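What follows is a short report on a single structure.
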Protein chains: 2
Amino acid sequence: MTQYTPQPTKLETSGGQGYLRVATEEAWWPQEVVAVYRGMLERGEGGPGFHSLIGHYLTSQSDRAKFVVSRLADTGELRLADMDAAGVDHAVLSLTSPGTNSLEPALGTQVATIANDRLAEACAANPARFSGLATLGFEEPDSAVKELDRAINQLGLKGVVCNSHIRGRYLSDTAFWPILEAIEACDVPIYLHPQTPNDSMISTLLESGLDGAIFGFAIETSMHALKIVTSGVLDRFPKLRIVLGHMGEALPFWLYRFDYMHKGQVVSKRYEAIKPLELTPSDYLKRNFWYTSSGMPWGPTIDYVRKVVGADRVMYAMDYPYEYAPDEVRMQDQLDWTLAEKKMFFEDIPVSVFGLDRDAMTS
Amino acid sequence: MTQYTPQPTKLETSGGQGYLRVATEEAWWPQEVVAVYRGMLERGEGGPGFHSLIGHYLTSQSDRAKFVVSRLADTGELRLADMDAAGVDHAVLSLTSPGTNSLEPALGTQVATIANDRLAEACAANPARFSGLATLGFEEPDSAVKELDRAINQLGLKGVVCNSHIRGRYLSDTAFWPILEAIEACDVPIYLHPQTPNDSMISTLLESGLDGAIFGFAIETSMHALKIVTSGVLDRFPKLRIVLGHMGEALPFWLYRFDYMHKGQVVSKRYEAIKPLELTPSDYLKRNFWYTSSGMPWGPTIDYVRKVVGADRVMYAMDYPYEYAPDEVRMQDQLDWTLAEKKMFFEDIPVSVFGLDRDAMTS
């Protein structure tokens with residue numbers, strides 16, 4: 001028994017506690033993606049971050065890795081049993097990291113279509129328990145914009161996942177702005193999900209075993225979000241909605257400092273990339289961003305983030321199957337909040353931000 | 001007028017408010033170091049992080065850069081006037097980043113000795129207002145251990161500053177452990193101060209203007225501290241005392257996650273570098289580390305850190321002259337704490353951690 005195997009306690013489900021528990025950062029992959037990844041590993045493609053992450057999960061014989069791999073591919077018996085045991089009523093699934101972001105552009109476009117079809121099938125088979133986010137081949141923006149339309153308007157997916165860097169490039173790069181424009185126009189959120197740091201910055205982290213979920217994921221993703229903020233893209237697309245996991249990858253820790261230092265850099269004209277913005281960095285982090293508790297189920301941190309970005313921006317996620325500890329659900333159930341606040345966190349904000357079908361969940 | 005020029009308000013000083021204000025991360029450099037840096041810039045030495053940081057300050061004509069450079073070298077009229085205006089009774093000075101850490105080993109050793117002499121002279125000239133931390137040439141450990149003894153026991157300096165990476169290497173590297181052993185034996189703290197990220201990880205940050213105080217400093221330094229924690233060096237030297245600025249460079253945000261993920265990595269044997277430790281990562285962060293409010297004067301973040309690491313580990317710093325905003329002193333004076341808590345934060349913890357001479361401060 002490790003901490004990653006299901007625990008026997010069955011929490012009360014289906015709203016008996018006064019709210020549905022909607023988990024919003026729940027990882028999944030179809031077998032077609034696994035096959036692509038295996039081929040890349042065999043051919044030595046994908047870079048050091050890809051090999052550290054996917055190489056580990058697809059080759060390790062540890063209980064943790066085997067648990068994760070068996071659950072990632074499942075949207076049936078295994079996953080539903082774990083959701084039941086943890087008391088998770090509904091899961092918003094997304095293609096796990098690195099998704100299509102490590103693939104050659106044409107392959108990324110092709111795999112995105114397959115992944116979106118498979119995810120839509122899983123959601124259609126059990127709409128009470130599953131919704132899904134679309135993946136895109138970001139390096140082919142024209143195709144990505146078309147696939148976005150298909151995924152949202154035909155397949156019924158509820159937003160987009162971007163597994164952080166796109167072979168070392170970031171959404172702050174204007175090449176990707178047509179995709180952001182289309183996402184804003186669709187009025188769906190984009191979940192900026194962690195990945196291992198890009199090849200140009202991973203070596204120091206990798207040598208210490210810090211490139212993954214313990215640290216590297218967070219700094220890669222917080223850097224990505226900060227690049228988006230400072231690039232001015234949120235002045236261009238002010239209604240863009242971005243969701244960050246892991247309580248915002250520590251960005252809420254630095255709100256004061258971002259504003260102070262950004263102002264100083266603008267005044268001193270130190271960098272061409274740092275320019276005046278319509279708002280302060282912290283304003284964007286309180287206007288365009290939402291935050292989930294994936295892998296960060298601890299009350300003090302959740303309460304801090306609620307305090308500094310607003311409780312109406314903070315919602316529940318588990319990060320299954322990477323993080324599967326039913327006790328963590330209970331930790332969050334027992335936070336010192338009113339029932340209305342818990343309902344907002346576990347149910348209302350997820351339903352609102354992702355436009356979920358509450359009737360389907362309770363049917 | 002920019003935010004970096006002194007503001008007219010004079011706060012009550014010298015303990016009239018019920019406590020002394022001791023600022024613990026206050027930057028300084030002697031002209032000999034400036035001369036070395038100018039030579040390195042001219043010869044293109046030092047790497048991209050050095051050029052981004054020192055190149056900016058020594059060449060920019062912005063008000064901010066000129067203010068910083070004029071104040072860094074001063075331990076007389078300019079600095080004392082600013083301390084008076086802000087209500088800072090006593091400053092713990094240290095050689096500003098990158099200190100000796102970007103120099104060739106023999107030069108680093110040589111410059112450390114000069115810098116320690118100059119700093120000791122400044123402190124001796126005004127012991128009521130100044131104490132200092134020693135710098136070391138870390139890449140020559142034998143010399144560094146001797147210089148540590150001289151700096152602490154002959155010059156009367158109060159601890160050591162390490163400006164994060166040492167030409168890309170970290171204190172987790174066993175090559176530096178003799179120095180850490182000597183610091184532990186001396187019973188003085190080591191202040192782990194930010195620097196620009198090492199050459200192997202800076203490019204992505206630099207292209208977006210994020211390598212400095214807005215973000216890169218923090219992730220460089222939090223990574224360094226986490227490398228120290230996971231290396232096991234704190235099992236070897238359990239009494240080592242490490243001070244982090246900027247409210248701990250966000251490490252307190254991740255306490256729960258560090259423990260969960262470290263345990264998972266140990267169990268899965270994913271990395272050779274991640275091994276079982278006597279304590280959890282968060283235990284070390286609550287046993288061996290202290291935290292200052294340099295550049296992070298904002299109540300919600302300070303209160304969060306006090307809550308999760310303990311109020312007896314959190315103390316005041318300004319980060320002068322990089323951060324000089326007397327209003328920030330007032331923000332911290334007015335936190336919703338008892339007078340005893342304010343005294344602990346502004347005076348008692350600095351005196352205790354750095355072994356300062358309280359009588360000298362009030363003489």
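In the structure tokens, chains take the letters A, B, ... in the order shown, each chain's residues start at 1, and ligands count up from 1 in the order shown.
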- prompt: For chain B, which residues have at least one atom within 7 Å of chain A, if we go by only C-alpha atoms? Write them as a PyMOL selection string, please.
  reply: chain B and resi 62+64+200-202+208-209+213-214+219+227+250+253+256-258+261-262+268+271+273-274+295-296+298+301+304
List every residue of stretch 28-141 of chain A that has an atom at most 12 Å from any atom of stretch 345-354 of chain A, giving for each one its closest atom pair and the distance in Å to one decimal, counting only C-alpha atoms, sorted by chain and then by ascending residue number, as CSV.
residue,atom,partner,partner_atom,distance
A:Gly87,CA,A:Phe346,CA,11.3
A:Val88,CA,A:Phe346,CA,9.6
A:Asp89,CA,A:Glu347,CA,9.6
A:His90,CA,A:Glu347,CA,9.4
A:Ala91,CA,A:Pro350,CA,10.1
A:Val92,CA,A:Phe354,CA,8.7
A:Leu93,CA,A:Phe354,CA,11.5
A:Ser131,CA,A:Phe354,CA,9.1
A:Gly132,CA,A:Phe354,CA,9.4
A:Leu133,CA,A:Phe354,CA,8.9
A:Ala134,CA,A:Phe354,CA,11.8
query: What lies within 9 Å of stretch 94-100 of chain A using only C-alpha atoms, ignoring chain neighbours under 5 positions off, as a VMD selection string?
result: chain A and resid 24 to 30 33 50 53 to 54 72 105 107 to 109 111 to 112 115 to 116 119 131 to 138 160 to 166 193 to 196
With C-alpha atoms retained, write the just-selected residues as a PDB file, in the first residue's frame.
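Resulting contents of selection_32.pdb:
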ATOM      1  CA  THR A  24     -11.468  20.616 -12.553  1.00  0.00           C
ATOM      2  CA  GLU A  25      -7.916  19.462 -13.352  1.00  0.00           C
ATOM      3  CA  GLU A  26      -8.245  15.764 -13.946  1.00  0.00           C
ATOM      4  CA  ALA A  27      -5.728  14.114 -16.209  1.00  0.00           C
ATOM      5  CA  TRP A  28      -6.445  11.680 -19.023  1.00  0.00           C
ATOM      6  CA  TRP A  29      -4.874  10.294 -22.164  1.00  0.00           C
ATOM      7  CA  PRO A  30      -6.153   8.020 -24.948  1.00  0.00           C
ATOM      8  CA  VAL A  33      -1.402   9.429 -27.528  1.00  0.00           C
ATOM      9  CA  PHE A  50       9.608  14.904 -22.174  1.00  0.00           C
ATOM     10  CA  LEU A  53       8.211  12.982 -17.408  1.00  0.00           C
ATOM     11  CA  ILE A  54       6.856  10.544 -19.983  1.00  0.00           C
ATOM     12  CA  LEU A  72      -4.869   7.988 -17.023  1.00  0.00           C
ATOM     13  CA  PRO A 105       3.421  20.768 -35.578  1.00  0.00           C
ATOM     14  CA  LEU A 107       1.507  15.638 -35.708  1.00  0.00           C
ATOM     15  CA  GLY A 108       0.258  17.931 -32.935  1.00  0.00           C
ATOM     16  CA  THR A 109      -2.667  19.023 -35.096  1.00  0.00           C
ATOM     17  CA  VAL A 111      -3.247  14.103 -32.463  1.00  0.00           C
ATOM     18  CA  ALA A 112      -5.377  16.976 -31.113  1.00  0.00           C
ATOM     19  CA  ALA A 115      -7.758  13.257 -28.578  1.00  0.00           C
ATOM     20  CA  ASN A 116     -10.743  15.591 -28.775  1.00  0.00           C
ATOM     21  CA  LEU A 119     -12.570  12.767 -24.951  1.00  0.00           C
ATOM     22  CA  SER A 131     -16.815  16.982 -19.030  1.00  0.00           C
ATOM     23  CA  GLY A 132     -13.712  17.696 -21.072  1.00  0.00           C
ATOM     24  CA  LEU A 133     -11.330  20.383 -22.276  1.00  0.00           C
ATOM     25  CA  ALA A 134     -10.086  20.452 -25.853  1.00  0.00           C
ATOM     26  CA  THR A 135      -6.458  20.202 -26.835  1.00  0.00           C
ATOM     27  CA  LEU A 136      -5.096  22.035 -29.854  1.00  0.00           C
ATOM     28  CA  GLY A 137      -2.117  21.831 -32.181  1.00  0.00           C
ATOM     29  CA  PHE A 138      -0.892  25.269 -31.141  1.00  0.00           C
ATOM     30  CA  VAL A 160      -9.037  24.426 -23.845  1.00  0.00           C
ATOM     31  CA  VAL A 161      -6.042  22.972 -22.066  1.00  0.00           C
ATOM     32  CA  CYS A 162      -2.553  24.235 -22.832  1.00  0.00           C
ATOM     33  CA  ASN A 163       0.183  22.177 -21.219  1.00  0.00           C
ATOM     34  CA  SER A 164       2.493  25.173 -20.784  1.00  0.00           C
ATOM     35  CA  HIS A 165       5.354  25.631 -23.205  1.00  0.00           C
ATOM     36  CA  ILE A 166       4.918  24.660 -26.825  1.00  0.00           C
ATOM     37  CA  HIS A 193      -1.487  23.365 -17.084  1.00  0.00           C
ATOM     38  CA  PRO A 194       2.082  22.571 -15.944  1.00  0.00           C
ATOM     39  CA  GLN A 195       4.718  20.852 -17.958  1.00  0.00           C
ATOM     40  CA  THR A 196       8.398  20.188 -17.308  1.00  0.00           C
TER      41      THR A 196
END
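Each of B:Glu278, B:Val36, B:Thr174, B:Ala86 was compared to B:Asp333 using only C-alpha atoms, and B:Ala86 turns out to be the nearest.
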